[in-house]
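Okay, so here's the structure we're looking at.
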Amino acid sequence: MLIVIGCLYFPPEEAFPWSRLTAFLIFLFAALTDWLDGWLARRMGQVSDFGKFMDALCDKILTLGMFVSLLTMGVMHRWALFPVLLILSRELLITGLRLVAACKGITLAAEKVGKLKTVIQLTCISLFLGEMTMKDDLAGKMTDNFYYPLLEAVSGAASATLILATLLTVFSGVVYMAKYWNLFMDEEEK
């Protein structure tokens, strides 16, 4: 994630050539290798409690770091602050729940809706990076008849997936909390 942010940090006129495209490709590589790592672990029977916990934590670091960075760099519109804060709150709450469970010797694996949520979040971030790449690295490199409709489509898809990601994030958080709320309640009863 730090390399991606490093590629995006400087304004386009001060950044190295194709810095936005480089950031976009590195992020896609990170997202795809994260998926591949989980798939290989399940396929080869190498799933561990540590892996389950760290995979979820690394996903959160990647997505939250990117959402906050894109928001502060002005890539996302100001209205995106509320969805990003909802996503941030849910992720921290579920991480707290997982830590409580870990203290009790219980490992909470990701739910299917949580995995879908992560895919949509990664897609959302990819679309915002794609939009930034088009504006900063690809402007003037395509015909206007192709460039502007494509830019508008990517921009609209990025905003739509942010809304979808937020809804899925909140929904998966509610599902997770409802399923494991007893872990918090057991603590209070003692």
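We label chains A, B, ... in the order they appear in the structure tokens, count residues from 1 in each chain, and number ligands from 1 in the order shown.
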
Listing only residues of range 48-160 of chain A within 12 Å of range 165-175 of chain A, what is the closest atom pair and its distance in Å (to one decimal) for each, using only C-alpha atoms, sorted by chain and residue number ascending, as a Markdown table?
```
| residue | atom | partner | partner_atom | distance |
| --- | --- | --- | --- | --- |
| A:Lys60 | CA | A:Thr169 | CA | 11.6 |
| A:Thr63 | CA | A:Ala165 | CA | 11.1 |
| A:Phe67 | CA | A:Ala165 | CA | 11.4 |
| A:Ala80 | CA | A:Thr166 | CA | 10.0 |
| A:Leu81 | CA | A:Thr166 | CA | 11.2 |
| A:Phe82 | CA | A:Thr166 | CA | 9.4 |
| A:Pro83 | CA | A:Thr166 | CA | 5.7 |
| A:Val84 | CA | A:Thr166 | CA | 7.6 |
| A:Leu85 | CA | A:Thr166 | CA | 9.4 |
| A:Leu86 | CA | A:Thr166 | CA | 6.9 |
| A:Ile87 | CA | A:Thr166 | CA | 6.0 |
| A:Leu88 | CA | A:Thr169 | CA | 9.4 |
| A:Ser89 | CA | A:Val170 | CA | 9.2 |
| A:Arg90 | CA | A:Gly173 | CA | 6.0 |
| A:Glu91 | CA | A:Gly173 | CA | 7.9 |
| A:Leu92 | CA | A:Gly173 | CA | 10.2 |
| A:Leu93 | CA | A:Gly173 | CA | 8.2 |
| A:Ile94 | CA | A:Gly173 | CA | 6.9 |
| A:Thr95 | CA | A:Gly173 | CA | 10.5 |
| A:Gly96 | CA | A:Gly173 | CA | 11.8 |
| A:Leu97 | CA | A:Gly173 | CA | 10.5 |
| A:Ala110 | CA | A:Ser172 | CA | 9.9 |
| A:Glu111 | CA | A:Ser172 | CA | 8.0 |
| A:Lys112 | CA | A:Ser172 | CA | 8.9 |
| A:Val113 | CA | A:Ser172 | CA | 5.8 |
| A:Gly114 | CA | A:Ser172 | CA | 5.6 |
| A:Lys115 | CA | A:Ser172 | CA | 9.2 |
| A:Leu116 | CA | A:Leu168 | CA | 8.0 |
| A:Lys117 | CA | A:Leu168 | CA | 5.5 |
| A:Thr118 | CA | A:Ala165 | CA | 8.1 |
| A:Val119 | CA | A:Ala165 | CA | 8.8 |
| A:Ile120 | CA | A:Ala165 | CA | 5.5 |
| A:Gln121 | CA | A:Ala165 | CA | 5.4 |
| A:Leu122 | CA | A:Ala165 | CA | 9.0 |
| A:Thr123 | CA | A:Ala165 | CA | 9.0 |
| A:Cys124 | CA | A:Ala165 | CA | 7.4 |
| A:Ile125 | CA | A:Ala165 | CA | 10.1 |
| A:Ala157 | CA | A:Ala165 | CA | 11.7 |
| A:Ala158 | CA | A:Ala165 | CA | 10.2 |
| A:Ser159 | CA | A:Ala165 | CA | 9.8 |
| A:Ala160 | CA | A:Ala165 | CA | 8.5 |
```

Alpha helix (DSSP H) positions in range 38-168 of chain A, given as an MDAnalysis selection string: chainID A and resid 38:43 49:72 81:103 112:136 144:168

Can you list, as number ranges by chain, every protein, DNA or RNA residue that comes within 6 Å of range 23-27 of chain A when you count only C-alpha atoms, leaving out same-chain residues fewer than 5 positions away? A: 4, 7, 129

Just the selected residues (N, CA and C atoms), exported as a PDB file, in the first residue's frame, please.
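The file below, result-v5.pdb, is the result:
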```pdb
ATOM      1  N   VAL A   4       1.975   2.197  -3.424  1.00  0.00           N
ATOM      2  CA  VAL A   4       0.870   2.775  -4.188  1.00  0.00           C
ATOM      3  C   VAL A   4       0.692   4.241  -3.807  1.00  0.00           C
ATOM      4  N   CYS A   7       3.365   6.439  -5.197  1.00  0.00           N
ATOM      5  CA  CYS A   7       3.160   6.751  -6.619  1.00  0.00           C
ATOM      6  C   CYS A   7       2.107   7.841  -6.812  1.00  0.00           C
ATOM      7  N   LEU A 129      -8.817   4.443  -8.625  1.00  0.00           N
ATOM      8  CA  LEU A 129      -7.448   4.520  -9.154  1.00  0.00           C
ATOM      9  C   LEU A 129      -7.464   4.581 -10.680  1.00  0.00           C
TER      10      LEU A 129
END
```

I need the residue nearest Trp35 in chain A from this list: A:Ile5, A:Ala101, A:Ala15, A:Ala56. Use only C-alpha atoms for the distance.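 Closest to Trp35 in chain A of all the choices is A:Ala56.
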
Let me make sure I understand: among A:Asp37, A:Glu131, A:Asp55, A:Glu13, which one has the smallest atom-to-atom distance to Tyr148 in chain A if we use only C-alpha atoms? A:Glu131
